[in-house]
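Asks: My questions will all concern the structure given below.
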Number of protein chains: 4
Amino acid sequence: MSAPKAFVTQLQVRFGDVDPAGIAYYPKIFELIHLAFEELWDVHVGRRYYHLIREDEIGFPLVHADVNFLSPLRFGDRPVVRVTCFRLGRSSIGLRYVFSVAERECIDARMTVACVELRGLASHETPPEYRARFEEIYREDPA
Amino acid sequence: MSAPKAFVTQLQVRFGDVDPAGIAYYPKIFELIHLAFEELWDVHVGRRYYHLIREDEIGFPLVHADVNFLSPLRFGDRPVVRVTCFRLGRSSIGLRYVFSVAERECIDARMTVACVELRGLASHETPPEYRARFEEIYREDPA
Amino acid sequence: MSAPKAFVTQLQVRFGDVDPAGIAYYPKIFELIHLAFEELWDVHVGRRYYHLIREDEIGFPLVHADVNFLSPLRFGDRPVVRVTCFRLGRSSIGLRYVFSVAERECIDARMTVACVELRGLASHETPPEYRARFEEIYREDPA
Amino acid sequence: MSAPKAFVTQLQVRFGDVDPAGIAYYPKIFELIHLAFEELWDVHVGRRYYHLIREDEIGFPLVHADVNFLSPLRFGDRPVVRVTCFRLGRSSIGLRYVFSVAERECIDARMTVACVELRGLASHETPPEYRARFEEIYREDPA
C-alpha cells in the first residue's frame with residue numbers, strides 16, 4: 001500500500017491476546033482496533049478521547065463493522081496499523097484500519113461510528129474542528 | 001422474526017462488559033458472539049468445542065465479520081440470540097447471530113468462519129457429521 | 001471439603017480464557033471470580049447485582065485480594081466454585097472462593113470488598129437485608 | 001516512595017478498562033499488571049517475554065497474588081508503575097508493583113510467579129542470566 005495520507009500507529013500482540021492455537025482471539029483484535037481509535041484521537045485529532053467523553057460529553061459508538069481477517073496475528077507480532085477515513089457524513093465517520101506485519105496484511109477493517117450525545121445517545125453533528133482532522137486522512141474507498 | 005429453524009440461546013450482559021457510558025463495549029459483544037458460537041457447538045452440534053479443538057485438532061477461525069449494531073446492549077440485559085446458517089461451503093460456514101432484548105433487535109452479525117487444521121492452519125473440509133447440523137439451521141440470506 | 005453452608009455455582013473455562021500454554025490467563029480467572037460474585041448476588045442474596053448498582057446506587061469495589069493459584073484451570077474445565085464469607089464488618093465483606101475441578105482444588109481466593117455509594121465512593125453500611133444473607137454463609141476463617 | 005532501584009513504566013487506563021461506575025474493573029487491573037510484567041521482561045531483563053515462551057519454552061505462571069486496592073484508577077489515568085523484587089528463590093520470584101497517579105498510590109500488588117517448563121509445567125530453576133536482572137531490583141520487603 002502506498003498511501004498519501006494516513007494515521008499510522010504500531011501496536012503489540014500481547015500474551016493475553018492469543019488463544020490456545022497461538023493466534024489472536026478475535027475479540028482481542030477488536031480491542032486492538034479500539035486502541036488504534038483512541039490513539040487516532042489522542043495523537044492525530046489532538047483531542048484526548050478521554051476529554052471528548054468527559055468534557056464534550058459526546059461519543060462515537062460503533063454502528064457497523066465490516067472486517068476481513070486475512071492472515072493471523074500471533075503472540076509477539078507488532079502490527080503497524082494504517083488508519084484512513086472512507087466516509088464522512090454529518091454525524092457518521094467510516095474509518096478503515098489495515099494491520100500489517102512486515103509486508104503481510106493481516107486485518108482490513110471498516111468501522112463506521114456515529115457521533116452521539118452521551119446522555120440519551122441522540123445523534124449529534126461531528127464538531128467541525130474534529131471533522132477537519134478526519135478530512136485530512138480521507139480517501140475514496142475503492143471497495 | 002418468525003424463523004423456522006434456528007439455534008436459540010440466552011446470554012447476559014455482565015458488569016465487566018459495559019463501558020462508562022453504560023453500554024456494552026463492542027469487543028465484549030464479540031466475546032458474547034463467541035460464547036454463542038461455543039454454545040452452538042456444545043448444544044446444537046453436540047460436539048463440545050473443547051473436544052473439537054483438542055481431539056479433532058481442527059478449528060474455525062473467523063475470516064469475515066459483517067455486523068450491524070442496531071441498538072445498545074446495556075448492563076443487566078439478557079439478550080436472546082438466534083443463530084442461523086446463511087452459507088455452507090466446503091470449508092467455510094457463514095453464521096448469522098441476531099441479538100434481541102424483548103422485541104428490540106440489538107445486533108445483527110454475519111460471521112464467516114473457515115475450517116482449518118490447527119497445525120499449520122491449512123484449509124480442511126468441514127466434517128460431514130458436523131455439516132449436517134449446520135444444514136438444519138440453514139436458510140437463504142435475504143440480504 | 002465438607003462445608004456446612006456455602007453458595008455453590010459452576011462456571012466454564014472458555015476458549016478465550018486460556019493462553020498459548022493452554023491454561024487460564026490469570027486476569028480471566030479474576031473475571032470468573034467476578035462472575036461468581038454476580039451469581040452470588042443474583043441467586044443467593046436474591047438481589048440482582050444489576051439492580052443493586054442501578055437502583056440502590058451502591059457498589060462493592062474490591063479493596064484486597066489474596067489468591068492462591070494451586071493448580072491450573074484449562075480450556076474446557078467446568079470448575080465448581082464454593083463461596084463462603086470469612087469477614088463481615090460494618091461495610092466490608094470478605095468472600096472466599098474455592099474453585100475445584102473434580103477433587104482438585106485450583107484456586108483459593110479471599111476477596112475483600114467494601115460497600116460504597118456509587119456517587120463519590122463514600123463508605124456505606126451494608127444494608128441489613130443483604131448482610132443477613134452473607135451471615136448465612138459465614139464461617140470462621142482457619143487461615 | 002524513595003526507591004533506589006526499580007523498573008519504572010507508565011501505562012494508560014483505556015476506555016475498555018473501566019466499568020459503569022467509571023473506575024477500572026479489577027480484572028483489567030490484573031491485565032495492566034501483566035502488561036507491566038511483559039514490559040519488565042522486554043525492557044529491563046532484555047529478553048522479550050515472547051522469546052522466553054517460544055524459544056526457552058519456560059514460563060512464569062502466577063502462584064500467589066496479594067493486592068491492595070488503595071484508590072481507584074479511572075479512565076484516562078496514566079499510572080506510573082514501579083516494579084521491585086521482594087523474593088528470589090530457586091524458581092520463584094516475588095514481584096511488587098506499585099501504581100501511582102501523581103502522588104496518589106492506587107495499587108500495591110505482590111505477585112509471586114514460579115518458573116516452569118511449558119511442557120508439563122514442572123518446576124524449573126530460574127536461568128541465572130535472568131536471575132541477575134531480578135537481583136538488581138531486589139529489596140527487602142518491609143511488609
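Going through the C-alpha cells in order, the chains are called A, B, and so on, while each chain numbers its residues from 1 and the ligands are numbered from 1 in the order shown.
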What are the residues of chain D lining chain C at 10 Å or less? Count only C-alpha atoms, and put the answer as a ChimeraX atom specification.
Replies: /D:20-34,53-54,57-59,61-72,107-113,118-121
Asks: Quick one: superpose chain C onto chain B using all C-alpha atoms paired in order, least squares, and give it to me as a short mmCIF file (atom, residue, chain, number, x, y, z; two decimals) with N, CA and C atoms, in the first residue's frame.
Replies:
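Final output, out_28.cif:
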```cif
data_model
loop_
_atom_site.label_atom_id
_atom_site.label_comp_id
_atom_site.auth_asym_id
_atom_site.auth_seq_id
_atom_site.Cartn_x
_atom_site.Cartn_y
_atom_site.Cartn_z
N MET C 1 -39.40 -11.60 14.49
CA MET C 1 -38.87 -12.63 13.59
C MET C 1 -39.56 -13.96 13.83
N SER C 2 -40.12 -14.52 12.78
CA SER C 2 -40.69 -15.87 12.90
C SER C 2 -39.82 -16.80 12.06
N ALA C 3 -38.93 -17.48 12.72
CA ALA C 3 -37.95 -18.28 12.00
C ALA C 3 -38.26 -19.76 12.17
N PRO C 4 -38.19 -20.52 11.10
CA PRO C 4 -38.52 -21.93 11.21
C PRO C 4 -37.46 -22.68 12.01
N LYS C 5 -36.21 -22.55 11.64
CA LYS C 5 -35.18 -23.33 12.31
C LYS C 5 -34.03 -22.42 12.68
N ALA C 6 -33.71 -22.48 13.94
CA ALA C 6 -32.60 -21.68 14.43
C ALA C 6 -32.14 -22.30 15.73
N PHE C 7 -30.91 -22.03 16.10
CA PHE C 7 -30.46 -22.36 17.44
C PHE C 7 -30.63 -21.10 18.27
N VAL C 8 -31.24 -21.26 19.44
CA VAL C 8 -31.53 -20.10 20.28
C VAL C 8 -30.87 -20.28 21.64
N THR C 9 -30.19 -19.24 22.09
CA THR C 9 -29.58 -19.29 23.42
C THR C 9 -29.70 -17.91 24.04
N GLN C 10 -29.68 -17.89 25.36
CA GLN C 10 -29.79 -16.60 26.06
C GLN C 10 -28.49 -16.29 26.77
N LEU C 11 -28.02 -15.07 26.62
CA LEU C 11 -26.79 -14.64 27.28
C LEU C 11 -27.11 -13.51 28.25
N GLN C 12 -26.08 -13.05 28.93
CA GLN C 12 -26.31 -12.00 29.91
C GLN C 12 -25.20 -10.97 29.80
N VAL C 13 -25.56 -9.69 29.81
CA VAL C 13 -24.56 -8.63 29.76
C VAL C 13 -24.12 -8.35 31.19
N ARG C 14 -22.85 -8.61 31.44
CA ARG C 14 -22.29 -8.54 32.79
C ARG C 14 -21.68 -7.16 33.06
N PHE C 15 -21.44 -6.94 34.33
CA PHE C 15 -20.85 -5.70 34.82
C PHE C 15 -19.58 -5.34 34.04
N GLY C 16 -18.75 -6.33 33.81
CA GLY C 16 -17.48 -6.08 33.13
C GLY C 16 -17.61 -5.90 31.63
N ASP C 17 -18.80 -6.02 31.11
CA ASP C 17 -18.99 -5.89 29.66
C ASP C 17 -19.32 -4.48 29.22
N VAL C 18 -19.66 -3.62 30.18
CA VAL C 18 -20.16 -2.30 29.78
C VAL C 18 -19.13 -1.22 30.09
N ASP C 19 -19.23 -0.16 29.31
CA ASP C 19 -18.27 0.93 29.37
C ASP C 19 -18.81 2.06 30.24
N PRO C 20 -18.05 3.16 30.37
CA PRO C 20 -18.50 4.25 31.25
C PRO C 20 -19.83 4.84 30.79
N ALA C 21 -20.16 4.70 29.51
CA ALA C 21 -21.44 5.21 29.04
C ALA C 21 -22.59 4.25 29.35
N GLY C 22 -22.25 3.11 29.98
CA GLY C 22 -23.29 2.17 30.41
C GLY C 22 -23.72 1.19 29.34
N ILE C 23 -23.09 1.23 28.17
CA ILE C 23 -23.47 0.31 27.10
C ILE C 23 -22.32 -0.66 26.82
N ALA C 24 -22.69 -1.82 26.26
CA ALA C 24 -21.68 -2.86 26.08
C ALA C 24 -20.58 -2.37 25.14
N TYR C 25 -19.38 -2.51 25.58
CA TYR C 25 -18.16 -2.16 24.83
C TYR C 25 -18.03 -3.19 23.71
N TYR C 26 -17.84 -2.73 22.46
CA TYR C 26 -18.03 -3.68 21.35
C TYR C 26 -17.10 -4.88 21.34
N PRO C 27 -15.84 -4.78 21.80
CA PRO C 27 -15.08 -6.05 21.84
C PRO C 27 -15.75 -7.10 22.74
N LYS C 28 -16.48 -6.64 23.75
CA LYS C 28 -17.20 -7.58 24.61
C LYS C 28 -18.38 -8.20 23.87
N ILE C 29 -18.97 -7.45 22.94
CA ILE C 29 -20.04 -8.02 22.13
C ILE C 29 -19.50 -9.17 21.28
N PHE C 30 -18.27 -9.02 20.80
CA PHE C 30 -17.68 -10.12 20.04
C PHE C 30 -17.38 -11.32 20.96
N GLU C 31 -17.07 -11.05 22.22
CA GLU C 31 -16.94 -12.18 23.16
C GLU C 31 -18.28 -12.89 23.34
N LEU C 32 -19.36 -12.12 23.39
CA LEU C 32 -20.68 -12.74 23.51
C LEU C 32 -21.01 -13.56 22.26
N ILE C 33 -20.64 -13.05 21.09
CA ILE C 33 -20.85 -13.82 19.86
C ILE C 33 -20.06 -15.13 19.91
N HIS C 34 -18.82 -15.06 20.42
CA HIS C 34 -18.04 -16.30 20.52
C HIS C 34 -18.66 -17.26 21.53
N LEU C 35 -19.21 -16.72 22.61
CA LEU C 35 -19.93 -17.58 23.58
C LEU C 35 -21.09 -18.30 22.90
N ALA C 36 -21.85 -17.56 22.10
CA ALA C 36 -22.99 -18.18 21.40
C ALA C 36 -22.49 -19.25 20.43
N PHE C 37 -21.35 -19.01 19.81
CA PHE C 37 -20.74 -19.98 18.89
C PHE C 37 -20.32 -21.25 19.64
N GLU C 38 -19.74 -21.08 20.84
CA GLU C 38 -19.37 -22.25 21.65
C GLU C 38 -20.62 -23.02 22.10
N GLU C 39 -21.67 -22.29 22.45
CA GLU C 39 -22.94 -22.93 22.83
C GLU C 39 -23.53 -23.70 21.65
N LEU C 40 -23.42 -23.11 20.45
CA LEU C 40 -23.93 -23.75 19.25
C LEU C 40 -23.27 -25.12 19.07
N TRP C 41 -21.96 -25.18 19.27
CA TRP C 41 -21.26 -26.45 19.16
C TRP C 41 -21.69 -27.42 20.27
N ASP C 42 -21.66 -26.93 21.49
CA ASP C 42 -21.91 -27.81 22.63
C ASP C 42 -23.34 -28.37 22.61
N VAL C 43 -24.29 -27.51 22.30
CA VAL C 43 -25.70 -27.88 22.46
C VAL C 43 -26.32 -28.33 21.14
N HIS C 44 -26.13 -27.57 20.08
CA HIS C 44 -26.80 -27.91 18.82
C HIS C 44 -26.03 -28.96 18.01
N VAL C 45 -24.75 -28.72 17.78
CA VAL C 45 -23.97 -29.69 16.99
C VAL C 45 -23.75 -30.96 17.82
N GLY C 46 -23.66 -30.79 19.14
CA GLY C 46 -23.49 -31.96 20.00
C GLY C 46 -22.04 -32.40 20.11
N ARG C 47 -21.15 -31.53 19.75
CA ARG C 47 -19.73 -31.78 19.88
C ARG C 47 -19.18 -30.61 20.67
N ARG C 48 -18.62 -30.91 21.86
CA ARG C 48 -18.10 -29.79 22.63
C ARG C 48 -16.99 -29.12 21.83
N TYR C 49 -17.00 -27.79 21.77
CA TYR C 49 -15.98 -27.05 21.02
C TYR C 49 -14.61 -27.41 21.57
N TYR C 50 -14.56 -27.64 22.87
CA TYR C 50 -13.33 -28.07 23.53
C TYR C 50 -12.79 -29.38 22.92
N HIS C 51 -13.68 -30.34 22.69
CA HIS C 51 -13.24 -31.62 22.12
C HIS C 51 -12.83 -31.47 20.65
N LEU C 52 -13.56 -30.59 19.96
CA LEU C 52 -13.23 -30.32 18.55
C LEU C 52 -11.77 -29.86 18.45
N ILE C 53 -11.41 -28.93 19.32
CA ILE C 53 -10.05 -28.37 19.30
C ILE C 53 -9.03 -29.41 19.76
N ARG C 54 -9.33 -30.07 20.86
CA ARG C 54 -8.36 -30.96 21.48
C ARG C 54 -8.23 -32.30 20.78
N GLU C 55 -9.34 -32.85 20.31
CA GLU C 55 -9.32 -34.21 19.78
C GLU C 55 -9.33 -34.23 18.25
N ASP C 56 -10.20 -33.42 17.66
CA ASP C 56 -10.25 -33.40 16.20
C ASP C 56 -9.10 -32.57 15.64
N GLU C 57 -8.56 -31.70 16.48
CA GLU C 57 -7.47 -30.81 16.07
C GLU C 57 -7.81 -29.99 14.83
N ILE C 58 -9.08 -29.60 14.78
CA ILE C 58 -9.48 -28.61 13.79
C ILE C 58 -10.09 -27.42 14.53
N GLY C 59 -10.15 -26.31 13.84
CA GLY C 59 -10.75 -25.13 14.44
C GLY C 59 -11.46 -24.33 13.37
N PHE C 60 -12.15 -23.28 13.79
CA PHE C 60 -12.93 -22.46 12.86
C PHE C 60 -12.61 -20.99 13.07
N PRO C 61 -11.43 -20.55 12.66
CA PRO C 61 -11.13 -19.13 12.84
C PRO C 61 -12.02 -18.26 11.95
N LEU C 62 -12.18 -17.04 12.41
CA LEU C 62 -13.03 -16.07 11.71
C LEU C 62 -12.29 -15.54 10.49
N VAL C 63 -12.98 -15.51 9.36
CA VAL C 63 -12.38 -14.89 8.18
C VAL C 63 -13.08 -13.59 7.78
N HIS C 64 -14.33 -13.45 8.14
CA HIS C 64 -15.02 -12.21 7.81
C HIS C 64 -16.12 -11.93 8.82
N ALA C 65 -16.26 -10.67 9.19
CA ALA C 65 -17.34 -10.25 10.09
C ALA C 65 -18.05 -9.07 9.45
N ASP C 66 -19.36 -9.13 9.44
CA ASP C 66 -20.17 -8.02 8.94
C ASP C 66 -21.28 -7.83 9.97
N VAL C 67 -21.17 -6.77 10.75
CA VAL C 67 -22.02 -6.64 11.93
C VAL C 67 -22.70 -5.28 11.97
N ASN C 68 -24.01 -5.31 12.13
CA ASN C 68 -24.77 -4.09 12.39
C ASN C 68 -25.11 -3.98 13.86
N PHE C 69 -24.78 -2.85 14.43
CA PHE C 69 -25.09 -2.55 15.83
C PHE C 69 -26.32 -1.64 15.79
N LEU C 70 -27.48 -2.22 16.07
CA LEU C 70 -28.74 -1.53 15.82
C LEU C 70 -29.23 -0.76 17.03
N SER C 71 -28.96 -1.29 18.20
CA SER C 71 -29.47 -0.69 19.42
C SER C 71 -28.55 -1.17 20.54
N PRO C 72 -28.27 -0.30 21.51
CA PRO C 72 -27.26 -0.69 22.51
C PRO C 72 -27.69 -1.83 23.42
N LEU C 73 -26.74 -2.66 23.77
CA LEU C 73 -26.92 -3.62 24.86
C LEU C 73 -26.42 -2.95 26.13
N ARG C 74 -27.16 -3.15 27.22
CA ARG C 74 -26.82 -2.48 28.47
C ARG C 74 -26.59 -3.51 29.58
N PHE C 75 -25.89 -3.07 30.60
CA PHE C 75 -25.66 -3.88 31.79
C PHE C 75 -27.00 -4.44 32.29
N GLY C 76 -27.05 -5.74 32.49
CA GLY C 76 -28.25 -6.38 33.00
C GLY C 76 -29.15 -6.94 31.91
N ASP C 77 -28.94 -6.49 30.67
CA ASP C 77 -29.75 -7.07 29.58
C ASP C 77 -29.46 -8.56 29.47
N ARG C 78 -30.49 -9.29 29.08
CA ARG C 78 -30.36 -10.73 28.87
C ARG C 78 -30.81 -11.05 27.45
N PRO C 79 -29.96 -10.71 26.47
CA PRO C 79 -30.36 -10.89 25.07
C PRO C 79 -30.58 -12.35 24.70
N VAL C 80 -31.62 -12.56 23.91
CA VAL C 80 -31.83 -13.85 23.26
C VAL C 80 -31.10 -13.80 21.93
N VAL C 81 -30.31 -14.83 21.65
CA VAL C 81 -29.53 -14.87 20.41
C VAL C 81 -30.07 -16.00 19.54
N ARG C 82 -30.39 -15.66 18.31
CA ARG C 82 -30.92 -16.62 17.35
C ARG C 82 -29.83 -16.84 16.31
N VAL C 83 -29.39 -18.08 16.16
CA VAL C 83 -28.28 -18.37 15.26
C VAL C 83 -28.80 -19.19 14.08
N THR C 84 -28.52 -18.70 12.88
CA THR C 84 -28.84 -19.46 11.67
C THR C 84 -27.58 -19.51 10.79
N CYS C 85 -27.66 -20.34 9.76
CA CYS C 85 -26.52 -20.50 8.86
C CYS C 85 -26.91 -19.93 7.50
N PHE C 86 -26.13 -19.00 6.99
CA PHE C 86 -26.50 -18.40 5.69
C PHE C 86 -25.57 -18.83 4.57
N ARG C 87 -24.53 -19.57 4.91
CA ARG C 87 -23.62 -20.05 3.87
C ARG C 87 -22.98 -21.33 4.35
N LEU C 88 -22.85 -22.27 3.44
CA LEU C 88 -22.28 -23.55 3.80
C LEU C 88 -21.46 -24.05 2.62
N GLY C 89 -20.19 -23.70 2.63
CA GLY C 89 -19.29 -24.12 1.56
C GLY C 89 -18.54 -25.38 1.97
N ARG C 90 -17.54 -25.72 1.20
CA ARG C 90 -16.75 -26.91 1.50
C ARG C 90 -16.10 -26.79 2.89
N SER C 91 -15.45 -25.66 3.12
CA SER C 91 -14.80 -25.49 4.42
C SER C 91 -15.30 -24.23 5.13
N SER C 92 -16.04 -23.39 4.44
CA SER C 92 -16.46 -22.15 5.11
C SER C 92 -17.92 -22.25 5.55
N ILE C 93 -18.20 -21.60 6.66
CA ILE C 93 -19.54 -21.59 7.23
C ILE C 93 -19.88 -20.15 7.58
N GLY C 94 -21.01 -19.69 7.07
CA GLY C 94 -21.49 -18.36 7.43
C GLY C 94 -22.57 -18.48 8.48
N LEU C 95 -22.36 -17.85 9.63
CA LEU C 95 -23.35 -17.92 10.72
C LEU C 95 -23.87 -16.53 11.01
N ARG C 96 -25.17 -16.44 11.17
CA ARG C 96 -25.79 -15.16 11.48
C ARG C 96 -26.33 -15.21 12.90
N TYR C 97 -25.99 -14.19 13.67
CA TYR C 97 -26.40 -14.09 15.07
C TYR C 97 -27.26 -12.83 15.21
N VAL C 98 -28.50 -13.00 15.60
CA VAL C 98 -29.35 -11.83 15.85
C VAL C 98 -29.65 -11.77 17.35
N PHE C 99 -29.22 -10.69 17.97
CA PHE C 99 -29.43 -10.48 19.41
C PHE C 99 -30.67 -9.61 19.58
N SER C 100 -31.61 -10.07 20.42
CA SER C 100 -32.80 -9.25 20.71
C SER C 100 -33.00 -9.15 22.22
N VAL C 101 -33.45 -7.98 22.64
CA VAL C 101 -33.85 -7.78 24.03
C VAL C 101 -35.33 -7.39 23.95
N ALA C 102 -36.18 -8.26 24.46
CA ALA C 102 -37.63 -8.14 24.22
C ALA C 102 -37.84 -8.07 22.72
N GLU C 103 -38.55 -7.09 22.21
CA GLU C 103 -38.78 -7.06 20.75
C GLU C 103 -37.73 -6.24 20.02
N ARG C 104 -36.80 -5.70 20.77
CA ARG C 104 -35.80 -4.80 20.19
C ARG C 104 -34.61 -5.59 19.65
N GLU C 105 -34.35 -5.50 18.34
CA GLU C 105 -33.15 -6.12 17.78
C GLU C 105 -31.95 -5.22 18.05
N CYS C 106 -30.91 -5.81 18.60
CA CYS C 106 -29.74 -5.02 19.01
C CYS C 106 -28.54 -5.24 18.10
N ILE C 107 -28.30 -6.48 17.73
CA ILE C 107 -27.11 -6.82 16.97
C ILE C 107 -27.53 -7.77 15.86
N ASP C 108 -27.00 -7.54 14.68
CA ASP C 108 -27.22 -8.48 13.57
C ASP C 108 -25.85 -8.74 12.96
N ALA C 109 -25.31 -9.92 13.25
CA ALA C 109 -23.91 -10.22 12.91
C ALA C 109 -23.84 -11.39 11.96
N ARG C 110 -23.11 -11.19 10.85
CA ARG C 110 -22.81 -12.29 9.94
C ARG C 110 -21.33 -12.60 10.06
N MET C 111 -21.04 -13.78 10.56
CA MET C 111 -19.66 -14.16 10.86
C MET C 111 -19.32 -15.38 10.01
N THR C 112 -18.30 -15.25 9.18
CA THR C 112 -17.89 -16.37 8.33
C THR C 112 -16.60 -16.97 8.88
N VAL C 113 -16.69 -18.25 9.17
CA VAL C 113 -15.53 -18.96 9.70
C VAL C 113 -15.08 -20.00 8.67
N ALA C 114 -13.83 -20.44 8.80
CA ALA C 114 -13.30 -21.44 7.86
C ALA C 114 -12.70 -22.58 8.65
N CYS C 115 -13.02 -23.78 8.25
CA CYS C 115 -12.48 -24.96 8.92
C CYS C 115 -11.00 -25.12 8.53
N VAL C 116 -10.15 -25.22 9.56
CA VAL C 116 -8.71 -25.39 9.31
C VAL C 116 -8.15 -26.45 10.25
N GLU C 117 -7.05 -27.04 9.83
CA GLU C 117 -6.26 -27.88 10.73
C GLU C 117 -5.49 -26.96 11.67
N LEU C 118 -5.52 -27.28 12.96
CA LEU C 118 -4.86 -26.38 13.91
C LEU C 118 -3.34 -26.30 13.66
N ARG C 119 -2.74 -27.41 13.29
CA ARG C 119 -1.30 -27.38 12.95
C ARG C 119 -1.17 -26.84 11.53
N GLY C 120 -0.65 -25.68 11.38
CA GLY C 120 -0.39 -25.15 10.06
C GLY C 120 -1.50 -24.32 9.45
N LEU C 121 -2.70 -24.46 10.01
CA LEU C 121 -3.85 -23.66 9.58
C LEU C 121 -4.27 -23.91 8.13
N ALA C 122 -3.93 -25.08 7.57
CA ALA C 122 -4.38 -25.39 6.21
C ALA C 122 -5.89 -25.61 6.20
N SER C 123 -6.50 -25.25 5.08
CA SER C 123 -7.94 -25.43 4.91
C SER C 123 -8.30 -26.92 5.02
N HIS C 124 -9.45 -27.18 5.59
CA HIS C 124 -9.87 -28.55 5.86
C HIS C 124 -11.37 -28.63 5.57
N GLU C 125 -11.82 -29.71 4.96
CA GLU C 125 -13.25 -29.83 4.70
C GLU C 125 -14.01 -29.96 6.02
N THR C 126 -15.14 -29.27 6.11
CA THR C 126 -15.96 -29.42 7.32
C THR C 126 -16.43 -30.88 7.40
N PRO C 127 -16.14 -31.58 8.48
CA PRO C 127 -16.56 -32.98 8.57
C PRO C 127 -18.07 -33.13 8.38
N PRO C 128 -18.50 -34.12 7.59
CA PRO C 128 -19.93 -34.22 7.21
C PRO C 128 -20.87 -34.36 8.40
N GLU C 129 -20.43 -35.00 9.49
CA GLU C 129 -21.34 -35.14 10.64
C GLU C 129 -21.65 -33.79 11.28
N TYR C 130 -20.71 -32.85 11.17
CA TYR C 130 -20.98 -31.51 11.70
C TYR C 130 -21.77 -30.70 10.67
N ARG C 131 -21.37 -30.87 9.43
CA ARG C 131 -22.02 -30.13 8.35
C ARG C 131 -23.54 -30.36 8.35
N ALA C 132 -23.93 -31.59 8.61
CA ALA C 132 -25.36 -31.92 8.63
C ALA C 132 -26.11 -31.08 9.67
N ARG C 133 -25.46 -30.78 10.75
CA ARG C 133 -26.11 -30.00 11.82
C ARG C 133 -26.25 -28.53 11.42
N PHE C 134 -25.29 -28.04 10.64
CA PHE C 134 -25.42 -26.66 10.17
C PHE C 134 -26.50 -26.56 9.10
N GLU C 135 -26.66 -27.63 8.31
CA GLU C 135 -27.74 -27.62 7.31
C GLU C 135 -29.11 -27.46 7.96
N GLU C 136 -29.25 -28.01 9.14
CA GLU C 136 -30.55 -27.93 9.83
C GLU C 136 -30.96 -26.49 10.14
N ILE C 137 -29.99 -25.64 10.31
CA ILE C 137 -30.34 -24.24 10.63
C ILE C 137 -30.05 -23.32 9.44
N TYR C 138 -29.90 -23.93 8.26
CA TYR C 138 -29.62 -23.14 7.07
C TYR C 138 -30.87 -22.44 6.58
N ARG C 139 -30.71 -21.23 6.14
CA ARG C 139 -31.75 -20.60 5.32
C ARG C 139 -31.12 -19.54 4.44
N GLU C 140 -31.78 -19.32 3.32
CA GLU C 140 -31.33 -18.29 2.38
C GLU C 140 -31.18 -16.96 3.09
N ASP C 141 -30.15 -16.29 2.75
CA ASP C 141 -29.94 -14.97 3.34
C ASP C 141 -30.61 -13.94 2.46
N PRO C 142 -31.58 -13.22 3.00
CA PRO C 142 -32.27 -12.24 2.15
C PRO C 142 -31.36 -11.07 1.79
N ALA C 143 -30.36 -10.85 2.61
CA ALA C 143 -29.54 -9.64 2.41
C ALA C 143 -28.58 -9.81 1.23
#
```
Asks: Identify, with DSSP run on backbone atoms, the residues in chain B assigned to helix (DSSP H, G or I), and express the list as a ChimeraX atom specification.
Replies: /B:15-17,26-45,49-56,128-136
Asks: Would you return as a PyMOL selection string the members of chain D that DSSP assigns to strand (DSSP E) on this structure's backbone?
Replies: chain D and resi 7-10+58-59+62-69+80-88+92-101+104-114+116-117
Asks: Quick one: write out the picked residues with C-alpha atoms as a tab-separated table (two decimals), in the first residue's frame?
Replies:
```
chain	number	residue	atom	x	y	z
D	7	PHE	CA	11.92	-0.78	36.97
D	8	VAL	CA	9.50	2.01	36.11
D	9	THR	CA	6.97	2.05	33.29
D	10	GLN	CA	3.89	4.10	32.52
D	58	ILE	CA	9.71	-21.73	30.03
D	59	GLY	CA	7.06	-19.54	31.60
D	62	LEU	CA	1.24	-16.85	38.89
D	63	VAL	CA	1.15	-18.83	42.13
D	64	HIS	CA	0.10	-16.15	44.59
D	65	ALA	CA	-1.36	-12.65	44.44
D	66	ASP	CA	-1.68	-10.28	47.38
D	67	VAL	CA	-3.09	-6.97	46.20
D	68	ASN	CA	-4.24	-3.84	47.96
D	69	PHE	CA	-6.57	-1.58	46.01
D	80	VAL	CA	3.35	5.11	36.78
D	81	VAL	CA	4.20	1.58	37.83
D	82	ARG	CA	7.28	0.90	39.94
D	83	VAL	CA	8.35	-2.75	39.94
D	84	THR	CA	10.70	-4.25	42.52
D	85	CYS	CA	11.56	-7.80	43.55
D	86	PHE	CA	10.81	-8.85	47.11
D	87	ARG	CA	11.62	-12.53	46.86
D	88	LEU	CA	14.06	-14.50	44.78
D	92	SER	CA	10.01	-18.48	42.48
D	93	ILE	CA	10.12	-14.74	42.04
D	94	GLY	CA	8.10	-12.25	44.07
D	95	LEU	CA	7.44	-9.01	42.22
D	96	ARG	CA	5.86	-5.93	43.73
D	97	TYR	CA	4.01	-3.45	41.53
D	98	VAL	CA	3.07	-0.07	42.95
D	99	PHE	CA	0.77	2.01	40.74
D	100	SER	CA	0.70	5.76	41.37
D	101	VAL	CA	-1.21	8.58	39.73
D	104	ARG	CA	-1.65	9.08	44.92
D	105	GLU	CA	-0.84	5.38	45.38
D	106	CYS	CA	-3.59	3.32	43.77
D	107	ILE	CA	-2.48	-0.30	43.70
D	108	ASP	CA	0.10	-2.21	45.70
D	109	ALA	CA	0.42	-5.72	44.32
D	110	ARG	CA	2.71	-8.54	45.37
D	111	MET	CA	2.66	-11.20	42.70
D	112	THR	CA	4.63	-14.42	43.11
D	113	VAL	CA	5.39	-16.37	39.96
D	114	ALA	CA	7.19	-19.68	39.55
D	116	VAL	CA	8.16	-23.79	34.96
D	117	GLU	CA	8.77	-25.76	31.80
```
